[in-house]
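Undergrad: First the structure, then my questions, so here it is.
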Amino acid sequence: MRFGVIVFPGSNCDSDCYHALRDVMGQDVRYVWHKESDISDVDCIVLPGGFSYGDYLRCGAIARFSPVMQSVQDFAERGKPIIGICNGFQILTEAGLLPGALIRNRGLKFICQPQYIRVEHNRSMFTNMCQDGQVLNVPIAHGEGNYVADEATLERLEANGQVIFRYCDAQGECTNEANPNGSMDNIAGIVNEAGNVLGMMPHPERVCDPILGGTDGRLIFGSIVEWVERRIANAK
C-alpha cells in the first residue's frame with residue numbers, strides 16, 4: 001500500500017510521519033503538497049501535526065481551505081482511511097470531517113509529555129492490532145487539544161463506538177488527573193460515523209522507532225496496513 005503525507009505551510013511532523021512509515025514500517029509513502037488535487041495514487045492519507053498556516057485565526061481554520069482538502073473530502077467519501085494527528089485532527093474538525101472542536105488546553109499552556117491512552121475497542125481499521133482496553137504510551141505536544149462537543153454529539157459518539165482513544169493513567173483508569181488538557185470524557189481520538197477517518201491528538205509517529213523509547217505507535221499504523229492489505233486481497 002501507499003501512504004500520502006500532506007504538507008501544509010507550517011507542518012513540522014510531516015518528516016516524522018514519513019520516516020515512521022517508510023523506514024520503520026517499510027511502507028511506500030510520498031509527500032502530498034497542500035496545493036495538489038490528485039491523490040488517487042495513495043491508499044491512506046495522513047494529516048500530520050504542526051502549525052499549519054501559523055495557526056492563525058484558529059488551529060486548522062485556514063488549512064481546511066487548502067486545495068488538497070476537496071480531494072481529502074472525496075477520499076473520505078470513498079471510504080478510504082484518513083488519519084489526522086494533532087494539528088491534523090484540528091484540520092479534520094474544521095473541515096467538518098469529524099464532529100466537535102479542539103480548543104485551548106484547560107491550563108492554557110502548551111503541553112509536551114508522554115501520555116497514556118486507552119484503546120476503547122479494536123473493531124476499527126486503526127486499532128485492529130490492539131486489544132480492547134489496552135493502554136498505550138503515546139506522547140502529546142499541543143496547546144489546543146481540549147476536545148469539546150455538545151451533549152447530543154457526545155452521546156452519538158458513544159452510541160456508535162466512535163470514541164477510539166481516551167486519556168488514562170498507567171492502569172487504564174480515565175480519571176480527571178490523567179486528562180492532560182481537559183477534553184470532555186477524556187477523549188483523545190475519535191472516528192467519523194463511517195469509521196474511516198480518525199483524528200487523534202497524541203503522536204503515534206513518535207513512538208514507532210525503539211530508539212525513541214517506544215513502539216506503541218506501530219500498532220496504529222500497522223492496523224491501517226493490515227486493513228488496507230486485507231481489503232486489496234479481498235478485491236482480487
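Each chain in the C-alpha cells gets a letter, A, B, ..., in the order shown, and its residues are numbered from 1; ligands are numbered from 1 in order too.
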Which residues are close to Glu193 of chain A, i.e. within 9 Å by only C-alpha atoms, leaving aside same-chain residues fewer than 3 positions away? Reply as a list in words.
TA: Leu98, Leu157, Asn160, Gly161, Gln162, Asn196 and Val197 of chain A
Undergrad: When DSSP is applied to the backbone of this structure, which of segment 17-117 of chain A are assigned alpha helix (DSSP H)? Write them out as a list in words.
TA: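 So the alpha helix (DSSP H) residues in segment 17-117 of chain A would be Cys17, Tyr18, His19, Val68, Met69, Gln70, Ser71, Val72, Gln73, Asp74, Phe75, Ala76, Glu77, Asn87, Gly88, Phe89, Gln90, Ile91, Leu92, Thr93 and Glu94 of chain A.
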Undergrad: Tell me, as a PyMOL selection string, which residues lie within 12 Å of Asp150 of chain A, counting only C-alpha atoms; anything in the same chain fewer than 2 positions away does not count.
TA: chain A and resi 99-101+147-148+152-157+184-185
Undergrad: Find the spatial neighbours of segment 109-119 of chain A, counting only C-alpha atoms, within a cut-off of 7 Å - ignore same-chain residues fewer than 4 positions away - and output them as a list of chain:residue names.
TA: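 Residues near the query, excluding close chain neighbours: A:Asn105, A:Asp132, A:Gly133, A:Gln134, A:Val135, A:Leu136, A:Asn137, A:Val138, A:Pro139, A:Ile140, A:Ala141, A:His142, A:Gly143, A:Ile164, A:Phe165, A:Arg166, A:Tyr167, A:Cys168, A:Asp169, A:Ala170, A:Gly172.
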Undergrad: Could you dump the residues just selected with all heavy atoms as a compact mmCIF listing (two decimals), in the first residue's frame?
TA:
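Okay, result_12.txt is ready:
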```
# COMPACT_ATOMS: atom_id res chain seq x y z
N ASN A 105 -6.04 24.29 25.79
CA ASN A 105 -5.91 23.36 26.90
C ASN A 105 -6.46 23.97 28.18
O ASN A 105 -6.41 25.19 28.38
CB ASN A 105 -4.44 22.98 27.11
CG ASN A 105 -3.86 22.18 25.96
OD1 ASN A 105 -4.59 21.62 25.16
ND2 ASN A 105 -2.54 22.14 25.89
N ASP A 132 -8.87 -4.68 23.26
CA ASP A 132 -9.83 -3.79 23.93
C ASP A 132 -9.27 -3.41 25.30
O ASP A 132 -8.86 -4.28 26.07
CB ASP A 132 -11.17 -4.49 24.11
CG ASP A 132 -11.94 -4.62 22.81
OD1 ASP A 132 -11.41 -4.21 21.77
OD2 ASP A 132 -13.07 -5.14 22.84
N GLY A 133 -9.26 -2.13 25.60
CA GLY A 133 -8.79 -1.66 26.89
C GLY A 133 -7.28 -1.58 27.02
O GLY A 133 -6.77 -1.24 28.10
N GLN A 134 -6.55 -1.88 25.96
CA GLN A 134 -5.08 -1.82 26.02
C GLN A 134 -4.60 -0.40 26.27
O GLN A 134 -5.15 0.56 25.72
CB GLN A 134 -4.48 -2.35 24.72
CG GLN A 134 -2.95 -2.43 24.71
CD GLN A 134 -2.42 -3.13 23.47
OE1 GLN A 134 -3.18 -3.65 22.66
NE2 GLN A 134 -1.11 -3.14 23.32
N VAL A 135 -3.60 -0.26 27.11
CA VAL A 135 -3.02 1.05 27.42
C VAL A 135 -1.77 1.25 26.58
O VAL A 135 -0.84 0.44 26.60
CB VAL A 135 -2.68 1.17 28.92
CG1 VAL A 135 -1.99 2.51 29.20
CG2 VAL A 135 -3.95 1.05 29.77
N LEU A 136 -1.75 2.34 25.82
CA LEU A 136 -0.61 2.71 25.01
C LEU A 136 0.05 3.95 25.59
O LEU A 136 -0.62 4.78 26.21
CB LEU A 136 -1.03 3.00 23.57
CG LEU A 136 -1.89 1.95 22.84
CD1 LEU A 136 -2.22 2.42 21.44
CD2 LEU A 136 -1.18 0.60 22.81
N ASN A 137 1.34 4.06 25.38
CA ASN A 137 2.07 5.26 25.82
C ASN A 137 2.49 6.03 24.57
O ASN A 137 3.41 5.64 23.87
CB ASN A 137 3.30 4.86 26.64
CG ASN A 137 3.90 6.04 27.40
OD1 ASN A 137 3.58 7.19 27.12
ND2 ASN A 137 4.76 5.74 28.36
N VAL A 138 1.76 7.11 24.29
CA VAL A 138 1.96 7.88 23.07
C VAL A 138 2.08 9.36 23.44
O VAL A 138 1.18 9.90 24.09
CB VAL A 138 0.78 7.68 22.09
CG1 VAL A 138 1.04 8.40 20.77
CG2 VAL A 138 0.54 6.19 21.82
N PRO A 139 3.16 10.03 23.07
CA PRO A 139 3.37 11.41 23.52
C PRO A 139 2.38 12.40 22.93
O PRO A 139 1.84 12.19 21.83
CB PRO A 139 4.79 11.72 23.05
CG PRO A 139 5.03 10.79 21.91
CD PRO A 139 4.28 9.54 22.24
N ILE A 140 2.17 13.48 23.66
CA ILE A 140 1.34 14.60 23.18
C ILE A 140 2.22 15.84 23.10
O ILE A 140 3.24 15.95 23.79
CB ILE A 140 0.13 14.86 24.09
CG1 ILE A 140 0.59 15.14 25.54
CG2 ILE A 140 -0.86 13.71 24.05
CD1 ILE A 140 -0.54 15.61 26.45
N ALA A 141 1.81 16.77 22.25
CA ALA A 141 2.51 18.06 22.12
C ALA A 141 1.53 19.04 21.48
O ALA A 141 1.44 19.13 20.26
CB ALA A 141 3.77 17.91 21.28
N HIS A 142 0.78 19.74 22.30
CA HIS A 142 -0.23 20.65 21.76
C HIS A 142 -0.62 21.73 22.76
O HIS A 142 -0.46 21.57 23.97
CB HIS A 142 -1.49 19.87 21.34
CG HIS A 142 -2.10 19.07 22.46
ND1 HIS A 142 -2.05 17.69 22.50
CD2 HIS A 142 -2.79 19.44 23.56
CE1 HIS A 142 -2.68 17.25 23.59
NE2 HIS A 142 -3.14 18.31 24.24
N GLY A 143 -1.14 22.82 22.22
CA GLY A 143 -1.66 23.90 23.05
C GLY A 143 -3.17 23.97 22.98
O GLY A 143 -3.80 24.56 23.85
N ILE A 164 -12.33 6.26 20.05
CA ILE A 164 -11.32 5.21 19.86
C ILE A 164 -10.28 5.22 20.97
O ILE A 164 -9.84 4.16 21.44
CB ILE A 164 -10.64 5.38 18.49
CG1 ILE A 164 -11.66 5.30 17.36
CG2 ILE A 164 -9.55 4.31 18.29
CD1 ILE A 164 -12.34 3.96 17.24
N PHE A 165 -9.87 6.42 21.39
CA PHE A 165 -8.84 6.56 22.44
C PHE A 165 -9.30 7.53 23.52
O PHE A 165 -9.95 8.54 23.21
CB PHE A 165 -7.52 7.08 21.86
CG PHE A 165 -6.94 6.23 20.76
CD1 PHE A 165 -6.88 6.71 19.45
CD2 PHE A 165 -6.44 4.96 21.01
CE1 PHE A 165 -6.34 5.94 18.43
CE2 PHE A 165 -5.91 4.18 20.00
CZ PHE A 165 -5.86 4.68 18.71
N ARG A 166 -8.95 7.20 24.77
CA ARG A 166 -9.18 8.11 25.89
C ARG A 166 -7.89 8.27 26.69
O ARG A 166 -7.11 7.32 26.82
CB ARG A 166 -10.26 7.57 26.84
CG ARG A 166 -11.65 7.50 26.27
CD ARG A 166 -12.65 7.15 27.38
NE ARG A 166 -13.88 6.63 26.85
CZ ARG A 166 -14.91 7.37 26.44
NH1 ARG A 166 -14.84 8.67 26.52
NH2 ARG A 166 -16.00 6.79 25.96
N TYR A 167 -7.70 9.46 27.23
CA TYR A 167 -6.58 9.69 28.14
C TYR A 167 -6.81 8.91 29.43
O TYR A 167 -7.92 8.88 29.95
CB TYR A 167 -6.45 11.18 28.46
CG TYR A 167 -6.19 12.04 27.24
CD1 TYR A 167 -7.15 12.96 26.80
CD2 TYR A 167 -5.00 11.95 26.54
CE1 TYR A 167 -6.92 13.76 25.70
CE2 TYR A 167 -4.76 12.74 25.42
CZ TYR A 167 -5.73 13.64 25.00
OH TYR A 167 -5.49 14.41 23.89
N CYS A 168 -5.76 8.28 29.92
CA CYS A 168 -5.89 7.46 31.12
C CYS A 168 -4.57 7.44 31.88
O CYS A 168 -3.57 8.03 31.45
CB CYS A 168 -6.29 6.03 30.74
SG CYS A 168 -5.02 5.12 29.82
N ASP A 169 -4.57 6.73 33.02
CA ASP A 169 -3.32 6.53 33.76
C ASP A 169 -2.72 5.18 33.35
O ASP A 169 -3.26 4.49 32.47
CB ASP A 169 -3.54 6.62 35.27
CG ASP A 169 -4.54 5.60 35.80
OD1 ASP A 169 -4.74 4.55 35.14
OD2 ASP A 169 -5.11 5.82 36.89
N ALA A 170 -1.63 4.81 33.99
CA ALA A 170 -0.92 3.58 33.60
C ALA A 170 -1.78 2.33 33.78
O ALA A 170 -1.54 1.31 33.14
CB ALA A 170 0.36 3.45 34.41
N GLY A 172 -5.01 2.29 33.15
CA GLY A 172 -6.14 2.37 32.24
C GLY A 172 -7.35 3.08 32.82
O GLY A 172 -8.42 3.05 32.21
```
Undergrad: State, in Å with one decimal place, the distance from atom CA of His34 of chain A to atom CA of Tyr53 of chain A.
TA: 11.1 Å
Undergrad: Please compute the atom CA of Met1 of chain A-atom CA of Ala194 of chain A distance, one decimal, in Å.
TA: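 Those two atoms sit 20.9 Å apart.
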Undergrad: I'd like the contact shell of Arg104 of chain A - 7 Å cut-off, only C-alpha atoms, skipping same-chain residues fewer than 5 positions apart - returned as a PDB file with C-alpha atoms, in the first residue's frame.
TA:
```pdb
ATOM      1  CA  GLY A 143      -1.660  23.896  23.048  1.00  0.00           C
ATOM      2  CA  GLU A 144      -5.198  23.380  21.736  1.00  0.00           C
ATOM      3  CA  GLY A 145      -6.052  19.748  22.341  1.00  0.00           C
ATOM      4  CA  ASN A 146      -9.099  20.176  24.547  1.00  0.00           C
TER       5      ASN A 146
END
```
Undergrad: For Gly217 of chain A, which of A:Val68, A:Val5, A:Ala63, A:His203 is the closest residue, counting only C-alpha atoms?
TA: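 Smallest separation from Gly217 of chain A among the options: A:His203.
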